[in-house]
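*Asks:* File run_25.cif follows (mmCIF, C-alpha atoms and all ligand atoms):
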```cif
data_target
#
loop_
_atom_site.label_atom_id
_atom_site.label_comp_id
_atom_site.auth_asym_id
_atom_site.auth_seq_id
_atom_site.Cartn_x
_atom_site.Cartn_y
_atom_site.Cartn_z
CA MET A 1 -22.78 113.44 -218.73
CA ILE A 2 -26.35 113.34 -217.45
CA TRP A 3 -28.16 110.36 -215.95
CA ALA A 4 -31.73 109.90 -214.76
CA VAL A 5 -32.65 108.36 -211.42
CA ILE A 6 -36.23 107.12 -211.14
CA PRO A 7 -37.58 106.22 -207.70
CA ALA A 8 -40.17 103.49 -208.42
CA ALA A 9 -40.18 101.44 -205.22
CA GLY A 10 -43.35 102.90 -203.71
CA ARG A 11 -46.44 100.97 -202.61
CA GLY A 12 -49.04 103.49 -203.76
CA THR A 13 -50.96 103.34 -200.47
CA ARG A 14 -52.82 106.60 -201.12
CA PHE A 15 -53.86 105.26 -204.51
CA GLY A 16 -55.02 101.93 -203.14
CA GLY A 17 -55.52 98.74 -205.10
CA GLU A 18 -53.31 95.74 -205.71
CA VAL A 19 -51.10 97.12 -208.46
CA PRO A 20 -48.40 99.59 -207.42
CA LYS A 21 -49.39 102.76 -209.26
CA GLN A 22 -46.14 103.01 -211.23
CA TYR A 23 -47.37 99.94 -213.15
CA LEU A 24 -50.88 101.21 -213.86
CA GLU A 25 -51.49 101.83 -217.56
CA VAL A 26 -52.32 105.20 -219.03
CA ALA A 27 -52.37 105.91 -222.76
CA GLY A 28 -51.30 102.38 -223.53
CA GLN A 29 -48.34 101.85 -221.20
CA PRO A 30 -47.44 101.89 -217.49
CA LEU A 31 -46.75 105.18 -215.75
CA ILE A 32 -43.11 104.19 -215.30
CA ALA A 33 -42.70 103.64 -219.04
CA HIS A 34 -43.89 107.17 -219.77
CA ALA A 35 -41.44 108.57 -217.23
CA LEU A 36 -38.57 106.52 -218.65
CA ASP A 37 -39.44 107.50 -222.22
CA ALA A 38 -39.64 111.19 -221.40
CA LEU A 39 -36.13 111.10 -219.93
CA LEU A 40 -34.37 108.63 -222.24
CA SER A 41 -35.75 110.21 -225.41
CA HIS A 42 -33.93 113.39 -224.42
CA PRO A 43 -30.62 113.65 -226.29
CA ARG A 44 -28.67 114.89 -223.24
CA ILE A 45 -29.60 111.98 -220.97
CA ALA A 46 -27.30 108.95 -221.25
CA GLY A 47 -29.10 106.35 -219.15
CA ALA A 48 -31.41 105.65 -216.24
CA MET A 49 -31.18 103.94 -212.87
CA VAL A 50 -34.54 102.72 -211.55
CA ALA A 51 -35.07 101.92 -207.87
CA LEU A 52 -37.59 99.08 -207.41
CA SER A 53 -38.99 97.47 -204.29
CA ALA A 54 -37.24 94.26 -203.27
CA ASP A 55 -40.46 92.30 -203.89
CA ASP A 56 -41.33 93.95 -207.20
CA THR A 57 -42.83 91.33 -209.50
CA ARG A 58 -43.97 93.58 -212.29
CA TRP A 59 -40.76 95.08 -213.67
CA PRO A 60 -40.89 94.25 -217.40
CA GLY A 61 -37.15 93.62 -217.51
CA TRP A 62 -36.19 96.53 -219.73
CA SER A 63 -32.42 96.74 -220.03
CA GLU A 64 -32.49 99.58 -222.50
CA ARG A 65 -34.91 102.09 -224.01
CA HIS A 66 -34.20 104.53 -226.82
CA GLY A 67 -30.87 102.74 -227.22
CA LYS A 68 -29.74 103.78 -223.73
CA PRO A 69 -29.06 101.63 -220.64
CA VAL A 70 -31.81 101.11 -218.08
CA LEU A 71 -30.26 99.80 -214.86
CA ARG A 72 -32.08 98.90 -211.69
CA CYS A 73 -31.43 98.60 -207.98
CA VAL A 74 -33.41 97.84 -204.84
CA GLY A 75 -35.00 100.92 -203.25
CA GLY A 76 -35.71 101.59 -199.61
CA GLY A 77 -38.43 102.29 -197.09
CA GLU A 78 -38.71 105.98 -197.91
CA ARG A 79 -38.48 107.71 -201.27
CA ALA A 80 -35.20 109.32 -200.16
CA ASP A 81 -33.75 105.91 -199.35
CA SER A 82 -34.62 104.73 -202.85
CA VAL A 83 -32.97 107.76 -204.42
CA LEU A 84 -29.83 107.26 -202.33
CA ALA A 85 -29.71 103.57 -203.25
CA ALA A 86 -29.97 104.48 -206.91
CA LEU A 87 -27.20 107.09 -206.64
CA ARG A 88 -24.94 104.51 -204.99
CA ALA A 89 -25.78 101.97 -207.70
CA LEU A 90 -24.88 104.25 -210.62
CA PRO A 91 -21.90 103.05 -212.67
CA SER A 92 -18.73 103.75 -210.69
CA ALA A 93 -17.12 105.10 -213.87
CA LEU A 94 -19.42 108.11 -213.77
CA ALA A 95 -17.66 111.24 -212.59
CA ASP A 96 -18.59 112.83 -209.28
CA ASP A 97 -19.89 115.88 -211.12
CA THR A 98 -22.26 113.83 -213.28
CA LEU A 99 -25.57 115.67 -213.37
CA VAL A 100 -28.39 113.50 -212.07
CA LEU A 101 -32.06 114.20 -212.79
CA VAL A 102 -34.28 112.54 -210.18
CA HIS A 103 -37.80 112.02 -211.47
CA ASP A 104 -40.80 110.27 -209.93
CA ALA A 105 -42.01 107.21 -211.82
CA ALA A 106 -45.46 108.50 -210.87
CA ARG A 107 -45.05 111.63 -213.04
CA PRO A 108 -45.74 110.44 -216.60
CA ASN A 109 -46.33 113.73 -218.37
CA LEU A 110 -42.83 115.24 -218.39
CA ARG A 111 -42.03 117.28 -221.50
CA ALA A 112 -38.74 117.75 -223.31
CA GLN A 113 -38.91 121.52 -223.04
CA ASP A 114 -39.03 121.30 -219.26
CA ILE A 115 -36.02 118.96 -219.28
CA ASP A 116 -34.16 121.41 -221.52
CA ARG A 117 -34.85 124.28 -219.14
CA LEU A 118 -33.98 122.29 -216.06
CA ILE A 119 -30.65 121.13 -217.53
CA ALA A 120 -29.81 124.68 -218.56
CA ALA A 121 -30.50 125.97 -215.06
CA ALA A 122 -28.60 123.15 -213.36
CA SER A 123 -25.65 123.73 -215.67
CA GLU A 124 -25.62 127.39 -214.68
CA HIS A 125 -26.24 126.98 -210.96
CA ALA A 126 -23.86 124.62 -209.17
CA GLU A 127 -26.27 124.23 -206.25
CA GLY A 128 -28.81 122.47 -208.45
CA ALA A 129 -32.23 123.19 -209.89
CA ILE A 130 -35.74 121.78 -209.66
CA LEU A 131 -38.90 122.08 -211.69
CA GLY A 132 -41.84 123.68 -209.93
CA ALA A 133 -44.64 126.20 -210.23
CA PRO A 134 -45.68 129.19 -208.16
CA VAL A 135 -48.67 128.55 -205.91
CA ARG A 136 -51.76 130.00 -207.56
CA ASP A 137 -54.39 129.19 -204.91
CA THR A 138 -54.95 130.84 -201.58
CA LEU A 139 -53.41 128.62 -198.89
CA LYS A 140 -55.13 127.95 -195.58
CA ARG A 141 -53.57 126.47 -192.47
CA ALA A 142 -56.01 124.07 -190.79
CA ASP A 143 -56.34 123.47 -187.06
CA ASP A 144 -56.84 119.92 -185.77
CA THR A 145 -60.59 120.21 -186.27
CA ARG A 146 -60.11 121.24 -189.92
CA ARG A 147 -61.20 124.80 -189.20
CA ILE A 148 -59.18 127.56 -190.78
CA ALA A 149 -56.48 128.69 -188.42
CA ALA A 150 -54.79 131.12 -190.81
CA THR A 151 -54.29 132.18 -194.40
CA GLU A 152 -50.67 131.73 -195.39
CA PRO A 153 -48.84 134.33 -197.49
CA ARG A 154 -48.31 132.69 -200.87
CA SER A 155 -46.38 135.25 -202.91
CA ALA A 156 -43.05 133.42 -202.55
CA LEU A 157 -44.38 129.87 -202.38
CA TRP A 158 -43.83 127.27 -205.08
CA ARG A 159 -44.92 123.69 -205.56
CA ALA A 160 -41.94 121.42 -206.14
CA PHE A 161 -42.11 118.97 -209.04
CA THR A 162 -39.57 116.57 -210.47
CA PRO A 163 -37.11 116.17 -212.13
CA GLN A 164 -34.77 117.68 -209.61
CA ALA A 165 -31.22 118.11 -210.91
CA PHE A 166 -28.03 117.94 -208.87
CA ARG A 167 -24.41 116.86 -209.17
CA ARG A 168 -24.15 113.22 -208.17
CA ASP A 169 -21.70 113.92 -205.33
CA VAL A 170 -23.63 116.90 -203.92
CA LEU A 171 -26.90 114.99 -203.80
CA THR A 172 -25.34 111.78 -202.44
CA HIS A 173 -23.65 113.62 -199.57
CA ALA A 174 -26.79 115.62 -198.80
CA LEU A 175 -29.01 112.53 -198.68
CA GLU A 176 -26.46 110.67 -196.56
CA ALA A 177 -26.38 113.57 -194.10
CA ALA A 178 -30.18 113.65 -193.86
CA ALA A 179 -30.25 109.89 -193.27
CA ARG A 180 -27.55 110.16 -190.59
CA ASP A 181 -29.60 112.86 -188.87
CA GLY A 182 -32.76 110.74 -189.08
CA VAL A 183 -34.50 113.37 -191.18
CA VAL A 184 -36.93 112.05 -193.82
CA VAL A 185 -36.73 114.47 -196.73
CA THR A 186 -39.67 114.54 -199.13
CA ASP A 187 -37.68 115.74 -202.10
CA GLU A 188 -34.01 115.96 -203.10
CA ALA A 189 -33.90 119.73 -202.74
CA MET A 190 -34.84 119.47 -199.06
CA ALA A 191 -31.70 117.44 -198.41
CA VAL A 192 -29.54 119.86 -200.38
CA GLU A 193 -31.10 122.83 -198.57
CA ARG A 194 -30.23 121.18 -195.23
CA ALA A 195 -26.64 121.13 -196.48
CA GLY A 196 -26.79 124.92 -196.76
CA LEU A 197 -27.23 125.18 -200.52
CA HIS A 198 -29.92 127.03 -202.44
CA PRO A 199 -31.13 125.19 -205.56
CA THR A 200 -32.79 127.24 -208.28
CA LEU A 201 -36.49 126.97 -209.09
CA VAL A 202 -37.39 126.51 -212.75
CA GLU A 203 -41.01 127.12 -213.66
CA GLY A 204 -42.37 124.03 -215.37
CA ARG A 205 -45.65 122.92 -216.87
CA GLU A 206 -48.50 122.56 -214.41
CA ASP A 207 -49.53 119.32 -216.13
CA ASN A 208 -46.38 117.55 -214.88
CA LEU A 209 -48.67 115.92 -212.36
CA LYS A 210 -47.81 113.21 -209.88
CA VAL A 211 -50.33 110.38 -209.93
CA THR A 212 -51.16 109.96 -206.24
CA THR A 213 -54.89 109.08 -206.10
CA PRO A 214 -57.27 107.44 -208.59
CA ALA A 215 -58.60 110.81 -209.72
CA ASP A 216 -55.10 111.68 -210.97
CA LEU A 217 -54.97 108.64 -213.24
CA ALA A 218 -57.85 109.74 -215.45
CA LEU A 219 -56.32 113.18 -215.82
CA ALA A 220 -52.92 111.69 -216.65
CA ASP A 221 -54.51 109.46 -219.29
CA TYR A 222 -56.28 112.43 -220.84
CA LEU A 223 -53.14 114.58 -220.88
CA LEU A 224 -50.98 111.86 -222.41
CA ARG A 225 -53.52 111.16 -225.14
CA GLN A 226 -53.49 114.87 -226.07
CA ARG A 227 -49.75 114.85 -226.85
N1 LIG A 301 -39.99 104.05 -200.54
C1 LIG A 301 -40.32 104.66 -201.70
C2 LIG A 301 -41.47 105.49 -201.78
C3 LIG A 301 -41.78 106.10 -203.00
N2 LIG A 301 -40.96 105.87 -204.07
C4 LIG A 301 -41.28 106.46 -205.36
O1 LIG A 301 -41.30 107.88 -205.24
C5 LIG A 301 -42.25 108.41 -206.17
C6 LIG A 301 -43.16 109.42 -205.49
O2 LIG A 301 -43.67 108.84 -204.33
P1 LIG A 301 -45.24 108.69 -204.01
O3 LIG A 301 -46.06 109.38 -205.02
O4 LIG A 301 -45.44 108.96 -202.58
O5 LIG A 301 -45.45 107.11 -204.28
P2 LIG A 301 -45.84 106.03 -203.19
O6 LIG A 301 -44.90 106.10 -202.04
O7 LIG A 301 -45.96 104.74 -203.94
O8 LIG A 301 -47.29 106.52 -202.75
P3 LIG A 301 -47.88 106.47 -201.27
O9 LIG A 301 -47.13 107.49 -200.48
O10 LIG A 301 -49.33 106.81 -201.49
O11 LIG A 301 -47.68 105.05 -200.77
C7 LIG A 301 -43.01 107.24 -206.76
O12 LIG A 301 -42.59 107.02 -208.09
C8 LIG A 301 -42.66 106.08 -205.85
O13 LIG A 301 -42.64 104.83 -206.54
C9 LIG A 301 -39.81 105.07 -203.97
O14 LIG A 301 -39.07 104.89 -204.96
N3 LIG A 301 -39.50 104.48 -202.78
C1 LIG A 302 -40.65 114.66 -204.90
C2 LIG A 302 -42.02 115.25 -204.99
O1 LIG A 302 -42.70 114.73 -206.12
C3 LIG A 302 -41.93 116.75 -205.11
O2 LIG A 302 -43.21 117.32 -205.02
C4 LIG A 302 -42.88 114.90 -203.74
O3 LIG A 302 -42.27 115.44 -202.58
C5 LIG A 302 -43.04 113.42 -203.58
O4 LIG A 302 -43.89 113.24 -202.45
P1 LIG A 302 -44.45 111.79 -202.19
O5 LIG A 302 -45.32 111.91 -200.97
O6 LIG A 302 -43.24 110.92 -201.97
O7 LIG A 302 -45.22 111.42 -203.40
#
```
Can you dump the structure from the file as structure tokens?
*Replies:*
Amino acid sequence: MIWAVIPAAGRGTRFGGEVPKQYLEVAGQPLIAHALDALLSHPRIAGAMVALSADDTRWPGWSERHGKPVLRCVGGGERADSVLAALRALPSALADDTLVLVHDAARPNLRAQDIDRLIAAASEHAEGAILGAPVRDTLKRADDTRRIAATEPRSALWRAFTPQAFRRDVLTHALEAAARDGVVVTDEAMAVERAGLHPTLVEGREDNLKVTTPADLALADYLLRQR
């Protein structure tokens, strides 16, 4: 059994504006709808749990999409808190080893082939798997005056995307440990790494972009209209 968890409780502060970016429209529907559709149209995914902010007023009230359940819960102050809340809110009947794919509502351009490859890798590697891409630019470390302090070796560096796939119990325990330790993890893999595990990297499409600033929205709209 595979379920999706979609953290969608963010404020979009870097994006700006009144509307939380997960509700901004591209290619005819909100970002969150594209993310939900990408996951729930996949035959292996049985349902989705969406974490929303407690004061969310824009959730359209979907209870199902593609004939599959769309459940919701209240997220938290950090993205990791929202993911943990969603894991805890999943149907209790789901087995501990249920595979969970955590995917940002702000990443609308997820493709089925990437989901296929991620699921295959997570099914083969018990420590989980994440989509990502090798770094292709030269990386500079800046000093506090924005002068170049160093050039970082990039040969083994990857950018982490989502979905990130883990057993429900493994991810829940890892996120709970990070929270107990007061560590804010920026992705699920960071919590699992802290637990001593080594998730596998799966190279995914570079156009699986996260809409973070207004410039990203136009690109997302273009990409989605090309599909
Ligand atoms: N407390 C939070 C923070 C973020 N997210 C979600 O995590 C995803 C990736 O986070 P990010 O791009 O940082 O979104 P925001 O936190 O909204 O953006 P910002 O950091 O600019 O405020 C988004 O779908 C966002 O809604 C969440 O569920 N709960
Ligand atoms: C989870 C993530 O999308 C992987 O790159 C990223 O860490 C989210 O960061 P954000 O600052 O919460 O958008």
*Asks:* Work out how far atom CA of Ala120 of chain A is from atom O5 of ligand LIG 302 (chain A), in Å to one decimal.
*Replies:*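 Interatomic distance, atom O5 of ligand LIG 302 (chain A) to atom CA of Ala120 of chain A: 26.7 Å.
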*Asks:* Neighbouring residues of ligand LIG 302 (chain A) are defined here as those with any atom at most 10 Å from a ligand atom, counting all atoms listed in the file; list them as number ranges by chain.
*Replies:* A: 7, 10, 12, 14, 78-80, 102-107, 130-132, 158-164, 185-190, 208-212
*Asks:* Can you work out which one of A:Val100, A:Ala8, A:Leu36, A:Ala93 has the shortest atom-to-atom distance to Val74 of chain A, counting all atoms listed in the file?
*Replies:*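 Of the candidates, the smallest distance to Val74 of chain A is held by A:Ala8.
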*Asks:* Grab all the atoms of segment 106-113 of chain A that the file lists, wrap them in a box along x, y and z, add 4 Å per side, and give me centre plus edge lengths in Å (one decimal) as AutoDock Vina command-line options.
*Replies:*
```
--center_x -42.5 --center_y 115.0 --center_z -217.1 --size_x 15.6 --size_y 21.0 --size_z 20.4
```
*Asks:* Got a sec: who's within 12 Å of Asp56 of chain A, counting all atoms listed in the file, leaving out chain neighbours fewer than 6 positions off, as a ChimeraX atom specification?
*Replies:* /A:8-11,19-20,22-23,50,72-75
*Asks:* What is the atom CA of Leu87 of chain A-atom CA of Leu171 of chain A distance in Å, reported with one decimal?
*Replies:*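 Value for the atom CA of Leu87 of chain A-atom CA of Leu171 of chain A distance: 8.4 Å.
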*Asks:* Counting all atoms listed in the file, which residues come within 9 Å of (-30.8, 101.3, -213.0), with the point read in the file's coordinates, and could you list them as a ChimeraX atom specification?
*Replies:* /A:4-6,47-51,63,69-73,86,89-90
*Asks:* Just the number, please: distance in Å from atom CA of Gly182 of chain A to atom CA of Lys140 of chain A, one decimal.
*Replies:*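 Pair atom CA of Gly182 of chain A / atom CA of Lys140 of chain A returns 29.0 Å.
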*Asks:* Pick out the residues sitting within 7 Å of Leu84 of chain A, and hand them over as a list in words; count only C-alpha atoms, and ignore anything fewer than 4 positions along from it in its own chain.
*Replies:* Ala80, Arg88, Thr172 and Leu175 of chain A
*Asks:* Could you take the residues named above and write them with C-alpha atoms, as a short mmCIF file (atom, residue, chain, number, x, y, z; two decimals), in the coordinates of the input?
*Replies:*
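To be explicit, this is the file written out as part_9.cif:
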```cif
data_model
loop_
_atom_site.label_atom_id
_atom_site.label_comp_id
_atom_site.auth_asym_id
_atom_site.auth_seq_id
_atom_site.Cartn_x
_atom_site.Cartn_y
_atom_site.Cartn_z
CA ALA A 80 -35.20 109.32 -200.16
CA ARG A 88 -24.94 104.51 -204.99
CA THR A 172 -25.34 111.78 -202.44
CA LEU A 175 -29.01 112.53 -198.68
#
```
*Asks:* Within 9 Å of (-19.0, 113.1, -205.9) (coordinates as in the file), grab all the protein and nucleic acid residues, counting only C-alpha atoms, and write them out as a PyMOL selection string.
*Replies:* chain A and resi 95-98+167-173
*Asks:* Which is closer to Leu94 of chain A than all the others in A:Ile2, A:Leu39, A:Pro30, A:Leu139, using all atoms listed in the file?
*Replies:*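 Under the stated criterion, the closest residue is A:Ile2.
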